[in-house]
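*Asks:* For reference, the structure I am asking about is given below.
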Amino acid sequence: MKLSGEVLAGQQGYGIDPQVVEALARQIKEVTELGVQVGVVVGGGNIWRGQIGSAQGMDRATADYMGMLATVINALALQDALEKLGVETRVQTAVEMRQVAEPFIRRRAIRHLEKGRVVIFGAGIGSPYFTTDTTAALRAAEIEAEIMFKGTSADGVYSEDPRQNPAAHRFSHITYLDVLQQGLRVLDSTAVSLCMENRIPILVFQLLQPGNIRRAVMGEPIGTLITVD
Ligand code: UDP
């Protein structure tokens, strides 16, 4: 599951809203109790985005490393909220910081998942010029996930930005190619391509609606499903 940093900021638009994190942790707990293995890739846009620093004249790679560190802050917040609810977790980071979290080791991540632990992946893929959407697609492929969830503030993929055009149409189902060709800005194109190549379906849905992660897991028709045909 890709969890964008913006979601964690809640109404305040910046930083971490503990109530939002707790509500999310409750939703994740609910699905782990169904026996579902959950890996979470957290974003960092609520704290820092590389592009912002680079637009202001910073070295892009440095600004991106700052973004990766921001994702680790979010990962720890989510870990704390989940463990307070009694859910076992492990944070694995793509940039080593052993005092804080395990390094990302694919086989170990899979083992944790098999033991019912929620694995939270921090620091993106560990390289600048990438996003956490792409990280989520990559980790999904690596852990052989059945599906990638992209939780957003909107309730699916729209033909246009519904805030700008109220007549915008919401897709219940769309292909990877249509997302790419129509330039629908729901996930970055590298992430979509990676999922397309590896046949990993993507479900885009509204995250902060209580019970939505469970609905998504149970196959209820929420959000937009992105598949090959
Ligand atoms: N980032 C990066 N490499 C990665 C993942 C993330 O350089 O593999 C940096 C990048 O600067 C990005 C920031 O971390 O802007 C935060 O990630 P992202 O924008 O994907 O977070 P989200 O929008 O999901 O909150």
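Going by the structure tokens order, chains are called A, B, ..., each with residues numbered from 1, while ligands are numbered from 1 in the order shown.
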Return as a PyMOL selection string the residues of protein, DNA or RNA that approach ligand 1 to within 6 Å, with only C-alpha atoms and all ligand atoms taken into account.

*Replies:* chain A and resi 4-6+43-46+49-51+63-65+67-68+124-133+135

*Asks:* As a PyMOL selection string, please: every residue in range 9-155 of chain A that DSSP puts in alpha helix (DSSP H).

*Replies:* chain A and resi 9+18-32+50-55+60-84+106-114+132-142

*Asks:* Within 10 Å of Thr134 in chain A, counting only C-alpha atoms, which residues qualify if same-chain residues fewer than 6 places away don't, as a ChimeraX atom specification?

*Replies:* /A:2,41,124-125,140,187-195

*Asks:* Could the residues in this selection be written to a file with all heavy atoms, as an mmCIF file, in the first residue's frame?

*Replies:*
```cif
data_model
loop_
_atom_site.group_PDB
_atom_site.id
_atom_site.type_symbol
_atom_site.label_atom_id
_atom_site.label_comp_id
_atom_site.auth_asym_id
_atom_site.auth_seq_id
_atom_site.Cartn_x
_atom_site.Cartn_y
_atom_site.Cartn_z
ATOM 1 N N LYS A 2 0.566 2.145 -0.931
ATOM 2 C CA LYS A 2 1.274 3.424 -0.945
ATOM 3 C C LYS A 2 0.447 4.430 -0.154
ATOM 4 O O LYS A 2 -0.710 4.652 -0.427
ATOM 5 C CB LYS A 2 1.443 3.894 -2.399
ATOM 6 C CG LYS A 2 1.738 5.374 -2.566
ATOM 7 C CD LYS A 2 3.098 5.769 -2.004
ATOM 8 C CE LYS A 2 3.140 7.261 -1.698
ATOM 9 N NZ LYS A 2 3.208 8.146 -2.795
ATOM 10 N N VAL A 41 4.346 1.509 1.885
ATOM 11 C CA VAL A 41 5.389 2.452 1.468
ATOM 12 C C VAL A 41 4.880 3.846 1.788
ATOM 13 O O VAL A 41 3.802 4.231 1.339
ATOM 14 C CB VAL A 41 5.693 2.324 -0.042
ATOM 15 C CG1 VAL A 41 6.582 3.465 -0.515
ATOM 16 C CG2 VAL A 41 6.349 0.984 -0.335
ATOM 17 N N GLY A 124 12.147 5.581 0.450
ATOM 18 C CA GLY A 124 11.945 5.333 -0.973
ATOM 19 C C GLY A 124 12.764 4.156 -1.452
ATOM 20 O O GLY A 124 12.933 3.169 -0.734
ATOM 21 N N ILE A 125 13.293 4.272 -2.669
ATOM 22 C CA ILE A 125 14.168 3.190 -3.147
ATOM 23 C C ILE A 125 15.621 3.491 -2.796
ATOM 24 O O ILE A 125 16.521 2.734 -3.117
ATOM 25 C CB ILE A 125 14.036 2.921 -4.664
ATOM 26 C CG1 ILE A 125 14.562 4.087 -5.494
ATOM 27 C CG2 ILE A 125 12.625 2.599 -5.068
ATOM 28 C CD1 ILE A 125 14.772 3.695 -6.943
ATOM 29 N N ALA A 140 6.164 -3.782 -4.340
ATOM 30 C CA ALA A 140 5.037 -4.697 -4.617
ATOM 31 C C ALA A 140 5.534 -5.856 -5.479
ATOM 32 O O ALA A 140 5.208 -7.017 -5.219
ATOM 33 C CB ALA A 140 3.897 -3.952 -5.305
ATOM 34 N N LEU A 187 -0.764 8.561 -10.422
ATOM 35 C CA LEU A 187 0.479 7.918 -9.971
ATOM 36 C C LEU A 187 1.531 8.356 -10.965
ATOM 37 O O LEU A 187 1.200 8.641 -12.118
ATOM 38 C CB LEU A 187 0.382 6.409 -10.154
ATOM 39 C CG LEU A 187 -0.404 5.556 -9.213
ATOM 40 C CD1 LEU A 187 -0.602 4.200 -9.866
ATOM 41 C CD2 LEU A 187 0.357 5.365 -7.929
ATOM 42 N N ASP A 188 2.785 8.360 -10.594
ATOM 43 C CA ASP A 188 3.749 8.754 -11.608
ATOM 44 C C ASP A 188 3.912 7.636 -12.647
ATOM 45 O O ASP A 188 3.641 6.472 -12.386
ATOM 46 C CB ASP A 188 5.064 9.245 -10.991
ATOM 47 C CG ASP A 188 5.895 8.122 -10.430
ATOM 48 O OD1 ASP A 188 6.344 7.269 -11.203
ATOM 49 O OD2 ASP A 188 6.095 8.116 -9.215
ATOM 50 N N SER A 189 4.328 8.041 -13.836
ATOM 51 C CA SER A 189 4.285 7.114 -14.969
ATOM 52 C C SER A 189 5.252 5.941 -14.780
ATOM 53 O O SER A 189 4.981 4.832 -15.246
ATOM 54 C CB SER A 189 4.572 7.853 -16.274
ATOM 55 O OG SER A 189 5.780 8.550 -16.155
ATOM 56 N N THR A 190 6.359 6.157 -14.088
ATOM 57 C CA THR A 190 7.295 5.051 -13.853
ATOM 58 C C THR A 190 6.608 3.962 -13.028
ATOM 59 O O THR A 190 6.751 2.762 -13.308
ATOM 60 C CB THR A 190 8.547 5.548 -13.091
ATOM 61 O OG1 THR A 190 8.984 6.751 -13.700
ATOM 62 C CG2 THR A 190 9.656 4.542 -13.087
ATOM 63 N N ALA A 191 5.847 4.386 -12.039
ATOM 64 C CA ALA A 191 5.137 3.423 -11.181
ATOM 65 C C ALA A 191 4.112 2.647 -11.995
ATOM 66 O O ALA A 191 4.008 1.423 -11.880
ATOM 67 C CB ALA A 191 4.462 4.164 -10.024
ATOM 68 N N VAL A 192 3.381 3.358 -12.841
ATOM 69 C CA VAL A 192 2.359 2.693 -13.660
ATOM 70 C C VAL A 192 3.032 1.694 -14.606
ATOM 71 O O VAL A 192 2.586 0.547 -14.735
ATOM 72 C CB VAL A 192 1.530 3.730 -14.468
ATOM 73 C CG1 VAL A 192 0.521 3.021 -15.372
ATOM 74 C CG2 VAL A 192 0.803 4.683 -13.524
ATOM 75 N N SER A 193 4.137 2.106 -15.235
ATOM 76 C CA SER A 193 4.836 1.203 -16.177
ATOM 77 C C SER A 193 5.332 -0.054 -15.471
ATOM 78 O O SER A 193 5.221 -1.163 -15.991
ATOM 79 C CB SER A 193 6.046 1.891 -16.810
ATOM 80 O OG SER A 193 5.664 3.085 -17.383
ATOM 81 N N LEU A 194 5.886 0.146 -14.288
ATOM 82 C CA LEU A 194 6.418 -0.991 -13.533
ATOM 83 C C LEU A 194 5.298 -1.983 -13.188
ATOM 84 O O LEU A 194 5.463 -3.203 -13.315
ATOM 85 C CB LEU A 194 7.076 -0.453 -12.254
ATOM 86 C CG LEU A 194 8.231 -1.202 -11.650
ATOM 87 C CD1 LEU A 194 9.320 -1.504 -12.649
ATOM 88 C CD2 LEU A 194 8.827 -0.366 -10.497
ATOM 89 N N CYS A 195 4.165 -1.452 -12.769
ATOM 90 C CA CYS A 195 3.025 -2.328 -12.458
ATOM 91 C C CYS A 195 2.521 -3.008 -13.721
ATOM 92 O O CYS A 195 2.133 -4.177 -13.692
ATOM 93 C CB CYS A 195 1.899 -1.540 -11.784
ATOM 94 S SG CYS A 195 2.276 -1.115 -10.086
#
```

*Asks:* What are the DSSP strand (DSSP E or B) residues of range 112-214 of chain A, as a list in words?

*Replies:*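 Selecting the strand (DSSP E or B) positions of range 112-214 of chain A gives Val118, Val119, Ile120, Phe121, Gly122, Met148, Phe149, Lys150, Gly151, Thr152, Val157, Tyr158, Arg170, Phe171, His173, Ile174, Thr175, Ile202, Leu203, Val204, Phe205 and Gln206 of chain A.
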
*Asks:* I need the chosen residues saved as a short mmCIF file (atom, residue, chain, number, x, y, z; two decimals), in the first residue's frame, with N, CA and C atoms.

*Replies:*
```cif
data_model
loop_
_atom_site.label_atom_id
_atom_site.label_comp_id
_atom_site.auth_asym_id
_atom_site.auth_seq_id
_atom_site.Cartn_x
_atom_site.Cartn_y
_atom_site.Cartn_z
N VAL A 118 3.36 -6.03 10.00
CA VAL A 118 3.21 -5.02 8.96
C VAL A 118 4.61 -4.47 8.68
N VAL A 119 5.02 -4.50 7.42
CA VAL A 119 6.34 -3.97 7.08
C VAL A 119 6.17 -2.59 6.46
N ILE A 120 6.85 -1.61 7.06
CA ILE A 120 6.76 -0.23 6.58
C ILE A 120 8.08 0.10 5.90
N PHE A 121 7.99 0.44 4.63
CA PHE A 121 9.20 0.70 3.84
C PHE A 121 9.47 2.20 3.81
N GLY A 122 10.63 2.61 4.34
CA GLY A 122 10.97 4.03 4.36
C GLY A 122 12.14 4.34 3.44
N MET A 148 -1.51 -3.55 -5.64
CA MET A 148 -0.97 -2.33 -5.02
C MET A 148 -2.14 -1.38 -4.76
N PHE A 149 -2.25 -0.93 -3.54
CA PHE A 149 -3.26 0.06 -3.18
C PHE A 149 -2.61 1.43 -3.19
N LYS A 150 -3.31 2.37 -3.80
CA LYS A 150 -2.85 3.76 -3.70
C LYS A 150 -3.98 4.53 -3.03
N GLY A 151 -3.78 4.84 -1.77
CA GLY A 151 -4.79 5.59 -1.03
C GLY A 151 -4.60 7.08 -1.29
N THR A 152 -5.68 7.75 -1.66
CA THR A 152 -5.58 9.18 -1.98
C THR A 152 -6.68 9.96 -1.26
N VAL A 157 -9.84 7.56 -9.81
CA VAL A 157 -9.20 8.27 -10.92
C VAL A 157 -10.29 8.98 -11.74
N TYR A 158 -10.08 10.25 -11.99
CA TYR A 158 -11.04 11.06 -12.76
C TYR A 158 -10.46 11.44 -14.11
N ARG A 170 -15.56 9.84 -13.17
CA ARG A 170 -14.71 8.91 -12.39
C ARG A 170 -14.73 7.53 -13.04
N PHE A 171 -13.55 6.98 -13.24
CA PHE A 171 -13.46 5.64 -13.83
C PHE A 171 -13.59 4.60 -12.71
N HIS A 173 -12.90 1.48 -13.65
CA HIS A 173 -11.87 0.58 -14.16
C HIS A 173 -11.18 1.27 -15.33
N ILE A 174 -9.89 1.15 -15.42
CA ILE A 174 -9.15 1.77 -16.52
C ILE A 174 -7.88 0.96 -16.74
N THR A 175 -7.33 1.00 -17.95
CA THR A 175 -6.10 0.24 -18.20
C THR A 175 -4.87 1.11 -17.90
N ILE A 202 -3.56 -2.10 -9.76
CA ILE A 202 -3.47 -0.96 -8.83
C ILE A 202 -4.90 -0.55 -8.49
N LEU A 203 -5.18 -0.40 -7.22
CA LEU A 203 -6.49 0.12 -6.82
C LEU A 203 -6.30 1.49 -6.18
N VAL A 204 -6.94 2.49 -6.77
CA VAL A 204 -6.85 3.86 -6.26
C VAL A 204 -8.15 4.16 -5.53
N PHE A 205 -8.05 4.50 -4.27
CA PHE A 205 -9.30 4.77 -3.53
C PHE A 205 -9.06 5.77 -2.41
N GLN A 206 -10.19 6.27 -1.89
CA GLN A 206 -10.12 7.28 -0.83
C GLN A 206 -9.73 6.61 0.49
#
```

*Asks:* What is the CA of Gly219 in chain A to CA of Arg106 in chain A distance in Å?

*Replies:* 27.2 Å

*Asks:* Which one is closest to Arg139 in chain A: A:Ala77, A:Leu85, A:Val217, A:Val38? Count only C-alpha atoms.

*Replies:*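 With only C-alpha atoms as the atom set, the closest residue is A:Val38.
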
*Asks:* So which one's closest to Gly10 in chain A, A:Ser153, A:Gln99, A:Gln27, A:Thr71? Using only C-alpha atoms, please.

*Replies:*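 Smallest distance to Gly10 in chain A is found for A:Ser153.
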